[in-house]
$ cat start23.pdb   # PDB, C-alpha atoms
ATOM      1  CA  MET A   1       0.000   0.000   0.000
ATOM      2  CA  PRO A   2       1.562   3.355  -1.053
ATOM      3  CA  THR A   3       2.272   5.841   1.672
ATOM      4  CA  GLU A   4       1.593   9.566   1.628
ATOM      5  CA  PRO A   5       4.718  11.635   0.813
ATOM      6  CA  GLU A   6       6.303  13.403   3.749
ATOM      7  CA  ASP A   7       5.975  17.147   4.178
ATOM      8  CA  ILE A   8       8.908  19.361   3.248
ATOM      9  CA  GLU A   9       9.706  22.898   4.310
ATOM     10  CA  LEU A  10       8.455  25.432   1.793
ATOM     11  CA  SER A  11       8.498  29.098   2.728
ATOM     12  CA  GLU A  12       6.342  31.761   1.156
ATOM     13  CA  HIS A  13       9.524  33.468  -0.061
ATOM     14  CA  GLU A  14      10.572  30.277  -1.874
ATOM     15  CA  LEU A  15       7.117  29.900  -3.372
ATOM     16  CA  ARG A  16       7.280  33.470  -4.674
ATOM     17  CA  GLU A  17      10.758  32.968  -6.158
ATOM     18  CA  ILE A  18       9.656  29.771  -7.891
ATOM     19  CA  ALA A  19       6.532  31.439  -9.305
ATOM     20  CA  GLY A  20       8.572  34.414 -10.545
ATOM     21  CA  TYR A  21      11.095  32.087 -12.176
ATOM     22  CA  ALA A  22       8.325  30.073 -13.815
ATOM     23  CA  ALA A  23       6.726  33.282 -15.107
ATOM     24  CA  ASP A  24      10.056  34.466 -16.537
ATOM     25  CA  CYS A  25      10.514  31.117 -18.303
ATOM     26  CA  ALA A  26       6.985  31.208 -19.728
ATOM     27  CA  ARG A  27       7.255  34.838 -20.835
ATOM     28  CA  ARG A  28      10.133  33.871 -23.139
ATOM     29  CA  THR A  29       7.667  31.943 -25.326
ATOM     30  CA  LEU A  30       4.550  34.071 -24.990
ATOM     31  CA  SER A  31       5.145  35.556 -28.448
ATOM     32  CA  ILE A  32       4.954  32.057 -29.949
ATOM     33  CA  PHE A  33       1.417  31.749 -28.628
ATOM     34  CA  GLU A  34       0.408  35.312 -29.440
ATOM     35  CA  GLN A  35       1.633  35.087 -33.044
ATOM     36  CA  THR A  36      -0.737  32.169 -33.549
ATOM     37  CA  LEU A  37      -3.663  33.428 -31.448
ATOM     38  CA  PRO A  38      -3.201  37.196 -31.036
ATOM     39  CA  THR A  39      -6.604  37.825 -29.449
ATOM     40  CA  ASP A  40      -6.351  35.099 -26.799
ATOM     41  CA  THR A  41      -5.033  36.765 -23.654
ATOM     42  CA  ARG A  42      -5.265  33.791 -21.287
ATOM     43  CA  PRO A  43      -1.563  32.818 -21.285
ATOM     44  CA  ARG A  44      -0.470  36.455 -20.848
ATOM     45  CA  GLU A  45      -2.921  36.863 -17.965
ATOM     46  CA  ALA A  46      -1.564  33.711 -16.285
ATOM     47  CA  ILE A  47       2.029  34.957 -16.580
ATOM     48  CA  ASP A  48       1.051  38.401 -15.290
ATOM     49  CA  ALA A  49      -0.791  36.804 -12.360
ATOM     50  CA  ALA A  50       2.267  34.682 -11.510
ATOM     51  CA  HIS A  51       4.482  37.776 -11.616
ATOM     52  CA  ALA A  52       2.038  39.644  -9.376
ATOM     53  CA  PHE A  53       2.151  36.819  -6.835
ATOM     54  CA  ALA A  54       5.960  36.703  -7.043
ATOM     55  CA  ALA A  55       6.044  40.448  -6.332
ATOM     56  CA  GLY A  56       4.074  40.039  -3.113
ATOM     57  CA  GLY A  57       0.488  39.566  -4.274
ATOM     58  CA  ARG A  58      -1.902  37.124  -2.675
ATOM     59  CA  ARG A  59      -2.723  33.621  -3.801
ATOM     60  CA  THR A  60      -6.272  34.107  -4.944
ATOM     61  CA  ALA A  61      -8.931  32.184  -6.781
ATOM     62  CA  ALA A  62      -8.237  34.466  -9.758
ATOM     63  CA  LEU A  63      -4.600  33.302  -9.819
ATOM     64  CA  ARG A  64      -5.656  29.654  -9.816
ATOM     65  CA  GLN A  65      -8.305  30.344 -12.459
ATOM     66  CA  SER A  66      -5.710  32.022 -14.687
ATOM     67  CA  ALA A  67      -3.641  28.823 -14.564
ATOM     68  CA  TRP A  68      -6.643  26.768 -15.633
ATOM     69  CA  ALA A  69      -7.550  29.278 -18.339
ATOM     70  CA  ALA A  70      -4.044  29.091 -19.845
ATOM     71  CA  TYR A  71      -4.267  25.295 -19.697
ATOM     72  CA  LYS A  72      -7.558  25.472 -21.613
ATOM     73  CA  ALA A  73      -5.914  27.785 -24.158
ATOM     74  CA  ALA A  74      -3.240  25.115 -24.655
ATOM     75  CA  GLN A  75      -5.902  22.486 -25.271
ATOM     76  CA  GLU A  76      -7.619  24.701 -27.827
ATOM     77  CA  ALA A  77      -4.469  25.729 -29.717
ATOM     78  CA  ASP A  78      -4.079  24.145 -33.145
ATOM     79  CA  SER A  79      -0.350  24.847 -33.219
ATOM     80  CA  PRO A  80       1.884  22.533 -31.126
ATOM     81  CA  PRO A  81       4.408  25.316 -30.349
ATOM     82  CA  ALA A  82       1.578  27.620 -29.236
ATOM     83  CA  ALA A  83       0.095  24.850 -27.114
ATOM     84  CA  ASP A  84       3.390  24.324 -25.269
ATOM     85  CA  ALA A  85       3.797  28.082 -24.798
ATOM     86  CA  ALA A  86       0.329  28.186 -23.203
ATOM     87  CA  ARG A  87       1.209  25.177 -21.026
ATOM     88  CA  ALA A  88       4.295  27.071 -19.843
ATOM     89  CA  ALA A  89       2.042  29.976 -18.848
ATOM     90  CA  SER A  90      -0.323  27.612 -17.064
ATOM     91  CA  HIS A  91       2.557  26.104 -15.102
ATOM     92  CA  ALA A  92       3.769  29.588 -14.186
ATOM     93  CA  ALA A  93       0.498  30.549 -12.513
ATOM     94  CA  ALA A  94       0.137  27.098 -10.958
ATOM     95  CA  ALA A  95       3.625  27.320  -9.412
ATOM     96  CA  ALA A  96       2.130  29.483  -6.676
ATOM     97  CA  TYR A  97       0.276  26.360  -5.529
ATOM     98  CA  LEU A  98       3.265  24.052  -5.168
ATOM     99  CA  HIS A  99       2.518  21.560  -2.382
ATOM    100  CA  PRO A 100       4.969  21.058   0.489
ATOM    101  CA  LYS A 101       5.104  17.308  -0.167
ATOM    102  CA  ALA A 102       8.209  15.225  -0.876
ATOM    103  CA  SER A 103       6.769  13.916  -4.132
ATOM    104  CA  ALA A 104       8.561  13.565  -7.457
ATOM    105  CA  HIS A 105       5.413  14.977  -9.054
ATOM    106  CA  GLN A 106       6.155  18.338  -7.400
ATOM    107  CA  VAL A 107       9.358  18.609  -9.480
ATOM    108  CA  LYS A 108       7.097  19.003 -12.517
ATOM    109  CA  HIS A 109       5.425  21.949 -10.807
ATOM    110  CA  VAL A 110       8.773  23.622 -10.126
ATOM    111  CA  LEU A 111      10.213  23.077 -13.616
ATOM    112  CA  GLY A 112       7.143  22.638 -15.825
ATOM    113  CA  ALA A 113       7.101  26.210 -17.144
ATOM    114  CA  ALA A 114      10.773  26.021 -18.150
ATOM    115  CA  ALA A 115      10.344  22.615 -19.785
ATOM    116  CA  HIS A 116       7.236  23.575 -21.761
ATOM    117  CA  ALA A 117       8.903  26.820 -22.841
ATOM    118  CA  ALA A 118      11.868  24.807 -24.103
ATOM    119  CA  ARG A 119       9.547  22.494 -26.012
ATOM    120  CA  ALA A 120       7.647  25.444 -27.509
ATOM    121  CA  GLU A 121      10.909  26.963 -28.741
ATOM    122  CA  GLU A 122      12.122  23.614 -30.034
ATOM    123  CA  LEU A 123       8.917  23.066 -32.011
ATOM    124  CA  ALA A 124       8.917  26.650 -33.318
ATOM    125  CA  SER A 125      12.500  26.210 -34.538
ATOM    126  CA  ALA A 126      11.735  23.023 -36.509
ATOM    127  CA  GLU A 127      13.241  20.902 -33.704
ATOM    128  CA  ASP A 128      16.622  22.677 -33.678
ATOM    129  CA  ARG A 129      18.310  21.098 -30.660
ATOM    130  CA  ARG A 130      20.675  24.072 -30.346
ATOM    131  CA  VAL A 131      17.677  26.300 -29.613
ATOM    132  CA  THR A 132      16.496  23.846 -26.969
ATOM    133  CA  ALA A 133      19.943  23.657 -25.395
ATOM    134  CA  GLY A 134      20.087  27.440 -25.230
ATOM    135  CA  THR A 135      16.659  27.670 -23.632
ATOM    136  CA  LEU A 136      17.496  25.050 -21.009
ATOM    137  CA  GLU A 137      20.834  26.737 -20.324
ATOM    138  CA  TRP A 138      19.034  30.059 -19.838
ATOM    139  CA  ALA A 139      16.590  28.383 -17.446
ATOM    140  CA  ARG A 140      19.437  26.834 -15.494
ATOM    141  CA  HIS A 141      21.361  30.099 -15.151
ATOM    142  CA  HIS A 142      18.302  32.177 -14.246
ATOM    143  CA  ALA A 143      16.975  29.878 -11.542
ATOM    144  CA  PRO A 144      16.855  31.793  -8.246
ATOM    145  CA  PRO A 145      18.265  30.150  -5.103
ATOM    146  CA  ALA A 146      14.840  28.812  -4.097
ATOM    147  CA  VAL A 147      14.637  26.523  -7.132
ATOM    148  CA  PRO A 148      17.642  24.273  -6.362
ATOM    149  CA  ALA A 149      16.942  24.559  -2.629
ATOM    150  CA  VAL A 150      13.403  23.211  -3.007
ATOM    151  CA  LEU A 151      14.445  20.617  -5.593
ATOM    152  CA  GLY A 152      16.994  19.365  -3.061
ATOM    153  CA  ARG A 153      14.120  18.521  -0.705
ATOM    154  CA  LEU A 154      12.229  16.563  -3.356
ATOM    155  CA  PRO A 155      12.861  13.186  -4.954
ATOM    156  CA  ALA A 156      14.333  13.289  -8.460
ATOM    157  CA  ALA A 157      12.041  14.077 -11.381
ATOM    158  CA  PRO A 158       9.882  11.108 -12.369
ATOM    159  CA  PRO A 159      10.289   9.100 -15.573
ATOM    160  CA  GLY A 160       7.974   9.576 -18.544
ATOM    161  CA  GLY A 161       6.380  12.703 -19.897
ATOM    162  CA  GLY A 162       7.871  12.522 -23.383
ATOM    163  CA  ARG A 163      10.158  15.297 -24.524
ATOM    164  CA  VAL A 164       8.922  17.705 -21.841
ATOM    165  CA  GLY A 165       9.622  15.066 -19.190
ATOM    166  CA  GLU A 166      13.120  14.698 -20.601
ATOM    167  CA  PHE A 167      13.651  18.459 -20.252
ATOM    168  CA  ILE A 168      12.365  18.371 -16.677
ATOM    169  CA  ARG A 169      14.790  15.567 -15.791
ATOM    170  CA  ASP A 170      17.702  17.358 -17.511
ATOM    171  CA  LEU A 171      16.994  20.619 -15.704
ATOM    172  CA  ASP A 172      16.415  18.823 -12.406
ATOM    173  CA  ALA A 173      19.782  17.075 -12.647
ATOM    174  CA  ALA A 174      21.594  20.243 -13.694
ATOM    175  CA  LEU A 175      20.088  22.334 -10.901
ATOM    176  CA  ARG A 176      20.895  19.728  -8.258
ATOM    177  CA  ALA A 177      24.554  19.465  -9.386
TER     178      ALA A 177
END

$ encode --input "start23.pdb" --output "structure tokens"
Amino acid sequence: MPTEPEDIELSEHELREIAGYAADCARRTLSIFEQTLPTDTRPREAIDAAHAFAAGGRRTAALRQSAWAAYKAAQEADSPPAADAARAASHAAAAAYLHPKASAHQVKHVLGAAAHAARAEELASAEDRRVTAGTLEWARHHAPPAVPAVLGRLPAAPPGGGRVGEFIRDLDAALRA
């Protein structure tokens, strides 16, 4: 019988740093979404909401709803790069709701925005792996101290998840090194 993951320490300051980092990662690919769907503001609103939380705003129902709205925008996007850009935005707003549980699943919440942004850029560049490497390198170098600190309290990223899962595992390993 599986056991419930143990609680980890997770300060509000760390949560804000992680949300701000996720928003910065997602913002890098917002133009990919907006070029395809210029009138759909849901991903931008999710990124803005994540930045507002990171800057000291409250975790509100509107913040959570913006994450779900960006997720819905991803589901509705006909373009795979736009869909991953919207997923990055969704992960950015959802990062404010990271659970203080020692679960490998939580790694996806910490690094999901960066990984989906990398996939969006990879798809938009006709799968140019140099673009992906640059995006992941940027994400690694721009991670605030809270990101590796919190990752260090979590189990390693889980297997699976396709290309995005691969990016999550690569970033996880690099940020723990």

$ atom_distance --input "start23.pdb" --atom1 "atom CA of Pro155 of chain A" --atom2 "atom CA of Phe167 of chain A"
16.2 Å

$ atom_distance --input "start23.pdb" --atom1 "atom CA of Ser125 of chain A" --atom2 "atom CA of Leu171 of chain A"
20.2 Å

$ resolve_selection --input "start23.pdb" --expression "the PyMOL selection byres ((chain A and resi 64-74) around 7)" --output "list in words"
Arg42, Pro43, Glu45, Ala46, Thr60, Ala61, Ala62, Leu63, Gln75, Glu76, Ala77, Ala83, Asp84, Ala86, Arg87, Ala89, Ser90, His91, Ala93 and Ala94 of chain A

$ write_last_selection --input "start23.pdb" --atoms "C-alpha atoms" --output "PDB file, in the coordinates of the input"
ATOM      1  CA  ARG A  42      -5.265  33.791 -21.287  1.00  0.00           C
ATOM      2  CA  PRO A  43      -1.563  32.818 -21.285  1.00  0.00           C
ATOM      3  CA  GLU A  45      -2.921  36.863 -17.965  1.00  0.00           C
ATOM      4  CA  ALA A  46      -1.564  33.711 -16.285  1.00  0.00           C
ATOM      5  CA  THR A  60      -6.272  34.107  -4.944  1.00  0.00           C
ATOM      6  CA  ALA A  61      -8.931  32.184  -6.781  1.00  0.00           C
ATOM      7  CA  ALA A  62      -8.237  34.466  -9.758  1.00  0.00           C
ATOM      8  CA  LEU A  63      -4.600  33.302  -9.819  1.00  0.00           C
ATOM      9  CA  GLN A  75      -5.902  22.486 -25.271  1.00  0.00           C
ATOM     10  CA  GLU A  76      -7.619  24.701 -27.827  1.00  0.00           C
ATOM     11  CA  ALA A  77      -4.469  25.729 -29.717  1.00  0.00           C
ATOM     12  CA  ALA A  83       0.095  24.850 -27.114  1.00  0.00           C
ATOM     13  CA  ASP A  84       3.390  24.324 -25.269  1.00  0.00           C
ATOM     14  CA  ALA A  86       0.329  28.186 -23.203  1.00  0.00           C
ATOM     15  CA  ARG A  87       1.209  25.177 -21.026  1.00  0.00           C
ATOM     16  CA  ALA A  89       2.042  29.976 -18.848  1.00  0.00           C
ATOM     17  CA  SER A  90      -0.323  27.612 -17.064  1.00  0.00           C
ATOM     18  CA  HIS A  91       2.557  26.104 -15.102  1.00  0.00           C
ATOM     19  CA  ALA A  93       0.498  30.549 -12.513  1.00  0.00           C
ATOM     20  CA  ALA A  94       0.137  27.098 -10.958  1.00  0.00           C
TER      21      ALA A  94
END

$ closest_residue --input "start23.pdb" --among "A:Lys101, A:Arg169, A:His141, A:Lys108" --to "Leu10 of chain A" --atoms "only C-alpha atoms"
A:Lys101

$ closest_residue --input "start23.pdb" --among "A:Pro81, A:Glu34, A:Ala95, A:Leu154" --to "Glu6 of chain A" --atoms "all atoms listed in the file"
A:Leu154

$ residues_around --input "start23.pdb" --residues "segment 132-138 of chain A" --least-positions-apart "5" --cutoff "7 Å" --atoms "all atoms listed in the file" --output "short mmCIF file (atom, residue, chain, number, x, y, z; two decimals) with C-alpha atoms, in the frame of the given file"
data_model
loop_
_atom_site.label_atom_id
_atom_site.label_comp_id
_atom_site.auth_asym_id
_atom_site.auth_seq_id
_atom_site.Cartn_x
_atom_site.Cartn_y
_atom_site.Cartn_z
CA ALA A 118 11.87 24.81 -24.10
CA GLU A 121 10.91 26.96 -28.74
CA GLU A 122 12.12 23.61 -30.03
CA LEU A 171 16.99 20.62 -15.70
#

$ closest_residue --input "start23.pdb" --among "A:Ala173, A:Leu151, A:Leu98, A:Ala120" --to "Phe33 of chain A" --atoms "only C-alpha atoms"
A:Ala120

$ build_atoms --input "start23.pdb" --residues "segment 56-72 of chain A" --atoms "N, CA, C and O atoms" --output "PDB file, keeping the file's coordinate frame"
ATOM      1  N   GLY A  56       4.674  39.821  -4.428  1.00  0.00           N
ATOM      2  CA  GLY A  56       4.074  40.039  -3.113  1.00  0.00           C
ATOM      3  C   GLY A  56       2.564  39.955  -3.081  1.00  0.00           C
ATOM      4  O   GLY A  56       1.958  40.130  -2.019  1.00  0.00           O
ATOM      5  N   GLY A  57       1.941  39.693  -4.230  1.00  0.00           N
ATOM      6  CA  GLY A  57       0.488  39.566  -4.274  1.00  0.00           C
ATOM      7  C   GLY A  57       0.006  38.326  -3.539  1.00  0.00           C
ATOM      8  O   GLY A  57       0.791  37.469  -3.141  1.00  0.00           O
ATOM      9  N   ARG A  58      -1.299  38.243  -3.393  1.00  0.00           N
ATOM     10  CA  ARG A  58      -1.902  37.124  -2.675  1.00  0.00           C
ATOM     11  C   ARG A  58      -2.198  35.971  -3.622  1.00  0.00           C
ATOM     12  O   ARG A  58      -2.418  36.172  -4.811  1.00  0.00           O
ATOM     13  N   ARG A  59      -2.231  34.775  -3.044  1.00  0.00           N
ATOM     14  CA  ARG A  59      -2.723  33.621  -3.801  1.00  0.00           C
ATOM     15  C   ARG A  59      -4.235  33.682  -3.751  1.00  0.00           C
ATOM     16  O   ARG A  59      -4.828  33.518  -2.688  1.00  0.00           O
ATOM     17  N   THR A  60      -4.828  33.914  -4.882  1.00  0.00           N
ATOM     18  CA  THR A  60      -6.272  34.107  -4.944  1.00  0.00           C
ATOM     19  C   THR A  60      -6.896  33.083  -5.882  1.00  0.00           C
ATOM     20  O   THR A  60      -6.204  32.411  -6.650  1.00  0.00           O
ATOM     21  N   ALA A  61      -8.203  33.037  -5.840  1.00  0.00           N
ATOM     22  CA  ALA A  61      -8.931  32.184  -6.781  1.00  0.00           C
ATOM     23  C   ALA A  61      -8.672  32.641  -8.212  1.00  0.00           C
ATOM     24  O   ALA A  61      -8.571  31.821  -9.124  1.00  0.00           O
ATOM     25  N   ALA A  62      -8.512  33.942  -8.410  1.00  0.00           N
ATOM     26  CA  ALA A  62      -8.237  34.466  -9.758  1.00  0.00           C
ATOM     27  C   ALA A  62      -6.892  33.953 -10.281  1.00  0.00           C
ATOM     28  O   ALA A  62      -6.766  33.648 -11.469  1.00  0.00           O
ATOM     29  N   LEU A  63      -5.906  33.838  -9.415  1.00  0.00           N
ATOM     30  CA  LEU A  63      -4.600  33.302  -9.819  1.00  0.00           C
ATOM     31  C   LEU A  63      -4.752  31.850 -10.264  1.00  0.00           C
ATOM     32  O   LEU A  63      -4.266  31.456 -11.334  1.00  0.00           O
ATOM     33  N   ARG A  64      -5.431  31.064  -9.465  1.00  0.00           N
ATOM     34  CA  ARG A  64      -5.656  29.654  -9.816  1.00  0.00           C
ATOM     35  C   ARG A  64      -6.467  29.544 -11.108  1.00  0.00           C
ATOM     36  O   ARG A  64      -6.158  28.742 -11.984  1.00  0.00           O
ATOM     37  N   GLN A  65      -7.483  30.372 -11.250  1.00  0.00           N
ATOM     38  CA  GLN A  65      -8.305  30.344 -12.459  1.00  0.00           C
ATOM     39  C   GLN A  65      -7.501  30.733 -13.695  1.00  0.00           C
ATOM     40  O   GLN A  65      -7.742  30.210 -14.776  1.00  0.00           O
ATOM     41  N   SER A  66      -6.544  31.637 -13.538  1.00  0.00           N
ATOM     42  CA  SER A  66      -5.710  32.022 -14.687  1.00  0.00           C
ATOM     43  C   SER A  66      -4.849  30.843 -15.140  1.00  0.00           C
ATOM     44  O   SER A  66      -4.606  30.685 -16.343  1.00  0.00           O
ATOM     45  N   ALA A  67      -4.408  30.024 -14.197  1.00  0.00           N
ATOM     46  CA  ALA A  67      -3.641  28.823 -14.564  1.00  0.00           C
ATOM     47  C   ALA A  67      -4.506  27.875 -15.374  1.00  0.00           C
ATOM     48  O   ALA A  67      -4.078  27.353 -16.410  1.00  0.00           O
ATOM     49  N   TRP A  68      -5.738  27.659 -14.908  1.00  0.00           N
ATOM     50  CA  TRP A  68      -6.643  26.768 -15.633  1.00  0.00           C
ATOM     51  C   TRP A  68      -7.020  27.346 -16.995  1.00  0.00           C
ATOM     52  O   TRP A  68      -7.155  26.612 -17.978  1.00  0.00           O
ATOM     53  N   ALA A  69      -7.185  28.649 -17.065  1.00  0.00           N
ATOM     54  CA  ALA A  69      -7.550  29.278 -18.339  1.00  0.00           C
ATOM     55  C   ALA A  69      -6.417  29.120 -19.362  1.00  0.00           C
ATOM     56  O   ALA A  69      -6.677  28.838 -20.544  1.00  0.00           O
ATOM     57  N   ALA A  70      -5.178  29.288 -18.931  1.00  0.00           N
ATOM     58  CA  ALA A  70      -4.044  29.091 -19.845  1.00  0.00           C
ATOM     59  C   ALA A  70      -3.952  27.630 -20.272  1.00  0.00           C
ATOM     60  O   ALA A  70      -3.623  27.326 -21.430  1.00  0.00           O
ATOM     61  N   TYR A  71      -4.251  26.724 -19.360  1.00  0.00           N
ATOM     62  CA  TYR A  71      -4.267  25.295 -19.697  1.00  0.00           C
ATOM     63  C   TYR A  71      -5.322  25.021 -20.770  1.00  0.00           C
ATOM     64  O   TYR A  71      -5.079  24.294 -21.735  1.00  0.00           O
ATOM     65  N   LYS A  72      -6.489  25.631 -20.617  1.00  0.00           N
ATOM     66  CA  LYS A  72      -7.558  25.472 -21.613  1.00  0.00           C
ATOM     67  C   LYS A  72      -7.124  26.064 -22.953  1.00  0.00           C
ATOM     68  O   LYS A  72      -7.406  25.498 -24.008  1.00  0.00           O
TER      69      LYS A  72
END
